[in-house]
$ cat model.csv   # CSV, C-alpha atoms
chain,number,residue,atom,x,y,z
H,1282,MET,CA,-39.2,4.3,-1.4
H,1283,ASN,CA,-36.6,4.6,-4.2
H,1284,ARG,CA,-34.0,7.3,-4.9
H,1285,PHE,CA,-36.4,9.5,-6.9
H,1286,GLU,CA,-38.8,9.7,-4.0
H,1287,VAL,CA,-36.0,10.3,-1.5
H,1288,ILE,CA,-34.6,13.2,-3.6
H,1289,GLN,CA,-38.2,14.5,-3.9
H,1290,SER,CA,-38.5,14.5,-0.1
H,1291,LEU,CA,-35.3,16.6,0.2
H,1292,LEU,CA,-36.5,19.4,-2.0
H,1293,PRO,CA,-38.5,21.4,0.7
H,1294,VAL,CA,-35.4,21.4,2.8
H,1295,LEU,CA,-33.0,22.5,0.1
H,1296,LYS,CA,-33.7,26.2,-0.2
H,1297,ASP,CA,-30.7,28.3,0.5
H,1298,GLU,CA,-28.1,25.5,0.3
H,1299,LEU,CA,-25.6,25.0,-2.5
H,1300,VAL,CA,-26.2,21.5,-3.9
H,1301,VAL,CA,-23.6,19.3,-5.7
H,1302,CYS,CA,-25.4,16.4,-7.2
H,1303,ASN,CA,-24.1,13.0,-8.2
H,1304,ILE,CA,-23.6,11.9,-11.8
H,1305,GLY,CA,-26.2,10.2,-13.9
H,1306,LEU,CA,-29.8,9.6,-12.8
H,1307,PRO,CA,-29.6,11.5,-9.5
H,1308,SER,CA,-28.7,14.7,-11.3
H,1309,GLN,CA,-31.4,14.1,-13.9
H,1310,GLU,CA,-34.0,13.4,-11.3
H,1311,LEU,CA,-33.0,16.5,-9.3
H,1312,TYR,CA,-33.0,18.6,-12.5
H,1313,LYS,CA,-36.5,17.4,-13.4
H,1314,MET,CA,-38.0,17.9,-10.0
H,1315,GLY,CA,-36.3,20.9,-8.6
H,1316,ASP,CA,-33.9,22.7,-10.9
H,1317,GLN,CA,-32.4,25.8,-9.5
H,1318,PRO,CA,-29.2,27.9,-10.1
H,1319,SER,CA,-27.7,26.7,-6.8
H,1320,ASN,CA,-27.6,23.1,-8.1
H,1321,PHE,CA,-24.3,21.9,-9.6
H,1322,TYR,CA,-25.0,18.8,-11.7
H,1323,MET,CA,-21.8,16.8,-11.8
H,1324,LEU,CA,-22.2,15.2,-15.2
H,1325,GLY,CA,-19.0,13.4,-15.9
H,1326,THR,CA,-16.9,12.2,-13.0
H,1327,MET,CA,-18.3,9.4,-10.9
H,1328,GLY,CA,-17.3,9.7,-7.3
H,1329,LEU,CA,-16.3,13.3,-7.1
H,1330,ALA,CA,-19.5,15.0,-5.9
H,1331,SER,CA,-18.4,14.8,-2.3
H,1332,SER,CA,-14.9,16.1,-3.2
H,1333,ILE,CA,-16.3,19.0,-5.1
H,1334,GLY,CA,-18.7,19.7,-2.2
H,1335,LEU,CA,-15.8,19.8,0.3
H,1336,GLY,CA,-13.7,22.1,-1.9
H,1337,LEU,CA,-16.7,24.4,-2.2
H,1338,ALA,CA,-17.6,24.3,1.5
H,1339,LEU,CA,-14.0,25.1,2.6
H,1340,VAL,CA,-13.7,28.4,0.6
H,1341,GLN,CA,-17.0,30.1,1.3
H,1342,GLU,CA,-19.6,30.2,4.1
H,1343,ALA,CA,-22.9,29.1,2.6
H,1344,ARG,CA,-24.1,25.6,3.5
H,1345,VAL,CA,-23.3,22.9,1.0
H,1346,VAL,CA,-25.0,19.6,0.5
H,1347,ALA,CA,-23.5,16.9,-1.7
H,1348,ILE,CA,-26.0,14.3,-2.9
H,1349,ASP,CA,-24.0,11.2,-3.4
H,1350,GLY,CA,-24.7,7.5,-3.9
H,1351,ASP,CA,-23.4,4.3,-2.5
H,1352,GLY,CA,-21.8,3.2,-5.8
H,1353,SER,CA,-20.1,6.6,-6.2
H,1354,VAL,CA,-18.8,6.7,-2.6
H,1355,LEU,CA,-17.2,3.3,-3.2
H,1356,THR,CA,-15.6,4.7,-6.3
H,1357,ASN,CA,-13.9,7.5,-4.3
H,1358,LEU,CA,-13.6,6.1,-0.8
H,1359,GLY,CA,-10.6,8.3,-0.2
H,1360,THR,CA,-12.9,11.3,0.1
H,1361,LEU,CA,-14.3,10.2,3.4
H,1362,PRO,CA,-11.0,10.6,5.4
H,1363,THR,CA,-10.5,14.0,3.7
H,1364,VAL,CA,-13.9,15.4,4.6
H,1365,THR,CA,-13.4,14.1,8.1
H,1366,ASN,CA,-9.9,15.5,8.7
H,1367,ASP,CA,-10.2,18.7,6.7
H,1368,MET,CA,-13.6,19.3,8.1
H,1369,ALA,CA,-16.1,22.0,7.0
H,1370,ASP,CA,-19.0,22.4,9.3
H,1371,ASN,CA,-21.1,23.9,6.5
H,1372,PHE,CA,-20.9,20.7,4.7
H,1373,THR,CA,-23.4,17.7,4.6
H,1374,ILE,CA,-23.0,14.6,2.5
H,1375,PHE,CA,-26.2,12.8,1.8
H,1376,ILE,CA,-25.6,9.3,0.6
H,1377,VAL,CA,-28.5,7.6,-1.1
H,1378,ASP,CA,-27.8,3.9,-0.6
H,1379,ASN,CA,-30.0,1.9,-2.9
H,1380,GLY,CA,-27.4,-0.9,-3.3
H,1381,SER,CA,-27.4,-0.4,-7.0
H,1382,ASN,CA,-25.4,1.3,-9.8
H,1383,ASP,CA,-28.7,2.0,-11.6
H,1384,SER,CA,-27.5,4.7,-14.0
H,1385,THR,CA,-25.4,2.0,-15.7
H,1386,GLY,CA,-28.0,-0.8,-15.7
H,1387,ASP,CA,-28.8,-1.6,-12.1
H,1388,GLN,CA,-25.7,-3.6,-11.3
H,1389,PRO,CA,-25.5,-4.3,-7.5
H,1390,THR,CA,-22.9,-2.5,-5.4
H,1391,TYR,CA,-21.0,-4.0,-2.5
H,1392,ALA,CA,-23.0,-1.6,-0.3
H,1393,GLY,CA,-26.0,-3.9,-1.0
H,1394,ARG,CA,-24.0,-6.8,0.3
H,1395,LYS,CA,-21.5,-6.8,3.2
H,1396,THR,CA,-20.2,-3.2,3.1
H,1397,SER,CA,-21.8,-0.4,5.1
H,1398,PRO,CA,-21.1,3.2,3.9
H,1399,ALA,CA,-22.1,4.4,7.4
H,1400,ARG,CA,-19.6,2.1,9.2
H,1401,VAL,CA,-16.9,3.1,6.7
H,1402,ALA,CA,-17.6,6.8,7.3
H,1403,GLU,CA,-17.3,6.2,11.1
H,1404,ALA,CA,-14.1,4.2,10.6
H,1405,CYS,CA,-12.7,7.2,8.7
H,1406,GLY,CA,-13.3,9.3,11.8
H,1407,CYS,CA,-16.5,11.1,11.0
H,1408,GLU,CA,-18.1,12.2,14.3
H,1409,ARG,CA,-21.6,12.7,12.9
H,1410,VAL,CA,-22.9,9.8,10.8
H,1411,VAL,CA,-26.6,9.5,10.7
H,1412,GLU,CA,-28.5,6.5,9.3
H,1413,CYS,CA,-32.1,7.3,8.5
H,1414,ALA,CA,-35.1,5.6,7.0
H,1415,ALA,CA,-36.2,6.7,3.5
H,1416,ASP,CA,-39.4,8.3,4.9
H,1417,GLN,CA,-37.3,10.4,7.4
H,1418,VAL,CA,-34.8,12.1,5.1
H,1419,ALA,CA,-36.2,15.6,5.2
H,1420,LYS,CA,-36.1,15.6,9.0
H,1421,ALA,CA,-32.6,14.1,9.1
H,1422,LEU,CA,-31.3,16.7,6.6
H,1423,GLN,CA,-32.9,19.6,8.4
H,1424,ALA,CA,-31.4,18.4,11.7
H,1425,ALA,CA,-28.0,18.1,10.0
H,1426,LEU,CA,-28.2,21.6,8.6
H,1427,ASP,CA,-29.4,23.0,11.9
H,1428,SER,CA,-26.5,21.3,13.8
H,1429,ARG,CA,-24.0,23.4,11.9
H,1430,ARG,CA,-21.6,20.5,12.1
H,1431,MET,CA,-20.2,18.4,9.3
H,1432,THR,CA,-22.6,15.4,8.9
H,1433,ILE,CA,-22.8,12.3,6.7
H,1434,ILE,CA,-26.3,11.0,6.3
H,1435,VAL,CA,-26.8,7.5,4.8
H,1436,CYS,CA,-30.3,6.7,3.7
H,1437,LYS,CA,-31.0,3.1,2.8
H,1438,CYS,CA,-33.7,2.9,0.1
H,1439,ASP,CA,-35.0,0.6,-2.6
H,1440,PRO,CA,-33.6,0.4,-6.1
H,1441,GLY,CA,-35.8,1.6,-8.9
H,1442,LYS,CA,-36.1,4.6,-11.1
H,1443,ILE,CA,-38.4,6.6,-13.3
H,1444,PRO,CA,-37.8,7.7,-16.9
H,1445,VAL,CA,-36.1,11.1,-16.8
H,1446,PRO,CA,-34.6,12.9,-19.8
H,1447,VAL,CA,-30.9,13.8,-20.0
H,1448,ILE,CA,-30.0,17.3,-18.9
H,1449,LYS,CA,-29.9,19.5,-22.0
H,1450,LYS,CA,-28.7,22.6,-20.3
H,1451,HIS,CA,-25.2,23.4,-21.4
H,1452,THR,CA,-22.6,22.7,-18.7
H,1453,ILE,CA,-21.2,26.2,-19.0
H,1454,THR,CA,-24.6,27.6,-18.2
H,1455,ILE,CA,-24.9,25.3,-15.2
H,1456,ARG,CA,-21.4,26.4,-14.1
H,1457,ASP,CA,-22.0,30.1,-14.6
H,1458,ARG,CA,-25.4,30.3,-12.9
H,1459,PHE,CA,-24.0,28.3,-10.0
H,1460,LEU,CA,-21.1,30.7,-9.7
H,1461,GLN,CA,-23.6,33.6,-9.6
H,1462,ALA,CA,-25.6,31.8,-6.9
H,1463,VAL,CA,-22.4,31.5,-4.8
H,1464,LEU,CA,-21.7,35.1,-5.4
H,1465,ARG,CA,-25.2,36.2,-4.3
H,1466,ARG,CA,-24.8,34.3,-1.1
H,1467,ALA,CA,-21.4,35.8,-0.4
H,1468,ASN,CA,-22.9,39.3,-0.9
H,1469,GLY,CA,-25.8,38.6,1.4
O,503,MET,CA,15.0,32.1,-1.1
O,504,SER,CA,14.4,28.3,-1.5
O,505,VAL,CA,12.7,27.0,-4.6
O,506,SER,CA,9.7,25.9,-2.5
O,507,ARG,CA,9.3,29.3,-0.9
O,508,LYS,CA,9.6,31.0,-4.4
O,509,LEU,CA,6.9,28.7,-5.8
O,510,VAL,CA,4.5,29.4,-3.0
O,511,GLN,CA,5.2,33.2,-3.2
O,512,ASP,CA,4.4,33.0,-7.0
O,513,MET,CA,1.2,31.1,-6.2
O,514,VAL,CA,0.2,33.9,-3.8
O,515,ASP,CA,1.1,36.5,-6.3
O,516,ALA,CA,-1.0,34.7,-8.9
O,517,GLY,CA,-4.1,34.7,-6.7
O,518,ILE,CA,-4.1,31.0,-5.8
O,519,GLY,CA,-6.1,30.6,-2.6
O,520,PHE,CA,-6.6,26.8,-2.4
O,521,VAL,CA,-4.1,24.0,-3.0
O,522,THR,CA,-4.6,20.3,-2.9
O,523,SER,CA,-1.7,18.0,-3.1
O,524,VAL,CA,-0.7,14.3,-3.2
O,525,PRO,CA,2.7,13.6,-1.6
O,526,CYS,CA,5.8,13.8,-3.8
O,527,LYS,CA,9.4,13.7,-2.7
O,528,GLN,CA,10.4,16.4,-5.3
O,529,LEU,CA,7.8,18.9,-4.2
O,530,LYS,CA,7.9,18.0,-0.5
O,531,GLY,CA,8.8,21.5,0.5
O,532,VAL,CA,5.9,23.2,-1.3
O,533,PRO,CA,3.0,22.0,0.9
O,534,GLU,CA,5.2,22.7,3.9
O,535,GLU,CA,5.7,26.3,2.8
O,536,ILE,CA,1.9,26.6,2.0
O,537,ASN,CA,1.1,25.3,5.5
O,538,ALA,CA,3.3,28.1,6.9
O,539,THR,CA,1.3,30.8,5.1
O,540,TYR,CA,-2.2,31.8,6.1
O,541,ARG,CA,-2.9,33.0,2.5
O,542,ILE,CA,-3.5,29.6,0.9
O,543,ARG,CA,-5.8,26.8,2.2
O,544,HIS,CA,-4.0,23.5,1.7
O,545,VAL,CA,-6.0,20.2,1.7
O,546,PRO,CA,-4.0,17.0,1.2
O,547,ALA,CA,-5.8,14.6,-1.1
O,548,ASN,CA,-5.6,10.8,-1.0
O,549,LYS,CA,-5.7,10.4,-4.8
O,550,GLU,CA,-5.1,12.8,-7.7
O,551,ASP,CA,-8.6,12.7,-9.2
O,552,GLU,CA,-10.0,13.5,-5.7
O,553,GLY,CA,-7.7,16.5,-5.9
O,554,MET,CA,-9.3,17.5,-9.1
O,555,GLY,CA,-12.7,17.4,-7.4
O,556,LEU,CA,-11.5,19.4,-4.5
O,557,GLY,CA,-10.0,22.0,-6.8
O,558,ALA,CA,-13.2,22.2,-8.9
O,559,GLY,CA,-15.2,22.8,-5.7
O,560,ALA,CA,-12.8,25.6,-4.7
O,561,PHE,CA,-13.2,27.1,-8.2
O,562,LEU,CA,-17.0,27.0,-7.9
O,563,GLY,CA,-16.7,28.7,-4.6
O,564,GLY,CA,-14.8,31.6,-6.2
O,565,THR,CA,-11.3,30.7,-5.2
O,566,ARG,CA,-8.5,30.0,-7.6
O,567,PRO,CA,-7.1,26.5,-7.0
O,568,CYS,CA,-3.9,24.8,-7.8
O,569,ILE,CA,-3.4,21.0,-7.8
O,570,ILE,CA,0.0,19.5,-7.0
O,571,LEU,CA,0.7,16.0,-8.2
O,572,GLN,CA,3.4,13.7,-9.5
O,573,ASN,CA,3.7,13.0,-13.3
O,574,LYS,CA,3.5,9.3,-12.5
O,575,ALA,CA,-0.2,9.8,-11.4
O,576,LEU,CA,-1.3,12.0,-14.3
O,577,GLY,CA,-3.1,9.0,-15.8
O,578,VAL,CA,-5.3,8.8,-12.8
O,579,THR,CA,-6.7,12.3,-13.5
O,580,VAL,CA,-7.5,11.9,-17.2
O,581,ASN,CA,-11.2,11.4,-16.8
O,582,ALA,CA,-11.5,14.2,-14.2
O,583,LEU,CA,-9.6,16.5,-16.5
O,584,ALA,CA,-11.7,15.7,-19.5
O,585,SER,CA,-15.1,15.3,-18.0
O,586,LEU,CA,-15.0,17.9,-15.2
O,587,ILE,CA,-12.2,20.4,-15.5
O,588,GLN,CA,-12.2,20.9,-19.3
O,589,TYR,CA,-15.9,20.1,-19.8
O,590,CYS,CA,-16.9,22.8,-17.3
O,591,HIS,CA,-14.1,25.2,-18.4
O,592,MET,CA,-12.5,25.3,-15.0
O,593,PRO,CA,-8.9,26.5,-15.1
O,594,PRO,CA,-6.9,25.1,-12.2
O,595,PRO,CA,-3.2,25.1,-12.9
O,596,MET,CA,-1.5,21.8,-12.1
O,597,MET,CA,2.0,21.8,-10.6
O,598,ILE,CA,3.4,18.5,-11.6
O,599,SER,CA,6.7,17.1,-10.3
O,600,TYR,CA,8.6,15.4,-13.1
O,601,ARG,CA,10.1,12.2,-12.0
O,602,GLY,CA,12.0,10.0,-14.5
O,603,GLU,CA,14.4,12.5,-16.0
O,604,VAL,CA,18.1,11.8,-16.6
O,605,GLY,CA,19.7,10.5,-13.3
O,606,GLU,CA,16.4,9.1,-12.0
O,607,PRO,CA,17.3,6.2,-9.7
O,608,VAL,CA,13.9,4.4,-9.8
O,609,ALA,CA,13.3,2.6,-13.1
O,610,CYS,CA,9.5,2.7,-13.1
O,611,GLN,CA,9.5,6.5,-12.8
O,612,VAL,CA,11.2,6.6,-16.2
O,613,GLU,CA,8.5,4.5,-17.8
O,614,ARG,CA,5.9,6.9,-16.7
O,615,ALA,CA,7.9,10.0,-17.7
O,616,VAL,CA,8.0,8.8,-21.2
O,617,HIS,CA,4.2,9.3,-21.4
O,618,THR,CA,3.8,12.5,-19.4
O,619,LYS,CA,4.0,15.1,-22.1
O,620,ALA,CA,2.2,13.0,-24.6
O,621,VAL,CA,-0.8,12.7,-22.2
O,622,LEU,CA,-0.8,16.5,-21.6
O,623,ALA,CA,-0.5,17.2,-25.3
O,624,GLN,CA,-3.4,14.8,-26.1
O,625,LEU,CA,-5.5,16.7,-23.6
O,626,ASN,CA,-4.5,20.0,-25.2
O,627,ILE,CA,-3.1,21.2,-21.9
O,628,ARG,CA,-0.6,24.0,-22.2
O,629,THR,CA,2.6,22.8,-20.5
O,630,TYR,CA,5.7,24.6,-19.2
O,631,HIS,CA,8.6,22.4,-18.3
O,632,PHE,CA,10.9,24.0,-15.7
O,633,ASN,CA,13.9,21.8,-15.5
O,634,VAL,CA,16.4,24.5,-14.6
O,635,ARG,CA,16.5,26.8,-11.6
O,636,ARG,CA,16.3,30.0,-13.7
O,637,ILE,CA,12.5,30.3,-14.1
O,638,PRO,CA,11.1,32.8,-16.6
O,639,ALA,CA,8.1,34.8,-15.4
O,640,ILE,CA,4.8,33.6,-16.9
O,641,SER,CA,1.4,35.1,-16.2
O,642,LEU,CA,-1.4,32.6,-15.5
O,643,GLU,CA,-3.6,35.0,-17.4
O,644,SER,CA,-1.7,34.6,-20.7
$ encode --input "model.csv" --output "structure tokens"
Amino acid sequence: MNRFEVIQSLLPVLKDELVVCNIGLPSQELYKMGDQPSNFYMLGTMGLASSIGLGLALVQEARVVAIDGDGSVLTNLGTLPTVTNDMADNFTIFIVDNGSNDSTGDQPTYAGRKTSPARVAEACGCERVVECAADQVAKALQAALDSRRMTIIVCKCDPGKIPVPVIKKHTITIRDRFLQAVLRRANG
Amino acid sequence: MSVSRKLVQDMVDAGIGFVTSVPCKQLKGVPEEINATYRIRHVPANKEDEGMGLGAGAFLGGTRPCIILQNKALGVTVNALASLIQYCHMPPPMMISYRGEVGEPVACQVERAVHTKAVLAQLNIRTYHFNVRRIPAISLES
């Protein structure tokens, strides 16, 4: 299974959650398959999806899922100690580890060689790190959400992508409808 | 009232509910004062652009953020400022300590200070430079 199929498998689980999605193809794939106002597509800052997700999770009560990637986590490794020490139990980081920077041309990442994002997360102090097979992601995410504890899921999958168009929705529209989605959850 | 306490009181009055900071000797007292109040959530960041992400998340959650950093690290944030904060029209104020002024004992701080205002100007970020204790009142809404 590749990332597209992994993200597709997550969609039935992502109903009420606020989703912050990684830059590039992951956001484009999510947009194509399951666009909704509660998705924030992070379009310009590689590595910051988990940081945005943590800031969001700390200031409101709805559950937040950051869909991140191995290359992006390596870009902003400092986020892992922060999410572990300033913990939000309504926060899940889902790392799609395909060992590839495929938005920029499929260059291999160090996660595809000696470095394990899961071991790094554990070394940073995260108490709930779950490694799951690509065909088990929906179950793993549902279990993480049900646990009501901050969880980092790492899913090893194959590289590979499908043609997806760029997101043409204006970033202010994406931001505003996301803010409204947050407000709706806050107001019950 | 200490400068740190005054700054934190001003943050509270301005509706700031979330602060992320990277350590700085000049502003050392500000995070300490924030930690002493229950009205602002303080999350230390490991790097300044991570702080931009945390602040953006707080903004998306409906809380007004502020980001504390040192001018020496402003360059680290340029992509996050342009591609996230400005691109998405998020308005987190930055409180930037200004190393490298007259009397600065560490030479490399001066080198960075030379570029601070030019970088902010290039990004069209409105900048207020408070280098005296007598601070004029400025509304964040203006």
$ interface_residues --input "model.csv" --of "chain H" --to "chain O" --cutoff "9 Å" --atoms "all atoms listed in the file" --output "short mmCIF file (atom, residue, chain, number, x, y, z; two decimals) with C-alpha atoms, in the coordinates of the input"
data_model
loop_
_atom_site.label_atom_id
_atom_site.label_comp_id
_atom_site.auth_asym_id
_atom_site.auth_seq_id
_atom_site.Cartn_x
_atom_site.Cartn_y
_atom_site.Cartn_z
CA MET H 1323 -21.80 16.80 -11.80
CA LEU H 1324 -22.20 15.20 -15.20
CA GLY H 1325 -19.00 13.40 -15.90
CA THR H 1326 -16.90 12.20 -13.00
CA MET H 1327 -18.30 9.40 -10.90
CA GLY H 1328 -17.30 9.70 -7.30
CA LEU H 1329 -16.30 13.30 -7.10
CA ALA H 1330 -19.50 15.00 -5.90
CA SER H 1331 -18.40 14.80 -2.30
CA SER H 1332 -14.90 16.10 -3.20
CA ILE H 1333 -16.30 19.00 -5.10
CA GLY H 1334 -18.70 19.70 -2.20
CA LEU H 1335 -15.80 19.80 0.30
CA GLY H 1336 -13.70 22.10 -1.90
CA LEU H 1337 -16.70 24.40 -2.20
CA ALA H 1338 -17.60 24.30 1.50
CA LEU H 1339 -14.00 25.10 2.60
CA VAL H 1340 -13.70 28.40 0.60
CA GLN H 1341 -17.00 30.10 1.30
CA ASN H 1357 -13.90 7.50 -4.30
CA GLY H 1359 -10.60 8.30 -0.20
CA THR H 1360 -12.90 11.30 0.10
CA PRO H 1362 -11.00 10.60 5.40
CA THR H 1363 -10.50 14.00 3.70
CA ASP H 1367 -10.20 18.70 6.70
CA THR H 1452 -22.60 22.70 -18.70
CA ILE H 1453 -21.20 26.20 -19.00
CA ILE H 1455 -24.90 25.30 -15.20
CA ARG H 1456 -21.40 26.40 -14.10
CA ASP H 1457 -22.00 30.10 -14.60
CA PHE H 1459 -24.00 28.30 -10.00
CA LEU H 1460 -21.10 30.70 -9.70
CA VAL H 1463 -22.40 31.50 -4.80
CA LEU H 1464 -21.70 35.10 -5.40
#
$ atom_distance --input "model.csv" --atom1 "atom CA of O:Pro594" --atom2 "atom CA of O:Ile518"
9.1 Å
$ residues_around --input "model.csv" --residues "stretch 615-623 of chain O" --least-positions-apart "6" --cutoff "12 Å" --atoms "all atoms listed in the file" --output "number ranges by chain"
O: 572-581, 583-584, 596, 598-604, 606, 608-609, 629-631
$ residues_around --input "model.csv" --residues "H:Ser1428" --least-positions-apart "4" --cutoff "10 Å" --atoms "all atoms listed in the file" --output "PyMOL selection string"
chain H and resi 1370-1371+1409+1422-1424+1432
$ closest_residue --input "model.csv" --among "H:Pro1444, H:Gly1469, H:Gly1386, H:Gly1406" --to "H:Glu1310" --atoms "all atoms listed in the file"
H:Pro1444
$ atom_distance --input "model.csv" --atom1 "atom CA of H:Val1301" --atom2 "atom CA of H:Ile1433"
14.3 Å
$ residues_around --input "model.csv" --residues "O:Val510" --least-positions-apart "5" --cutoff "7 Å" --atoms "only C-alpha atoms" --output "count of residues only"
3
$ residues_around --input "model.csv" --residues "stretch 1303-1308 of chain H" --least-positions-apart "4" --cutoff "10 Å" --atoms "all atoms listed in the file" --output "PyMOL selection string"
chain H and resi 1284-1285+1288+1312-1314+1316+1320-1331+1347-1350+1353-1354+1376-1377+1382-1385+1442-1448
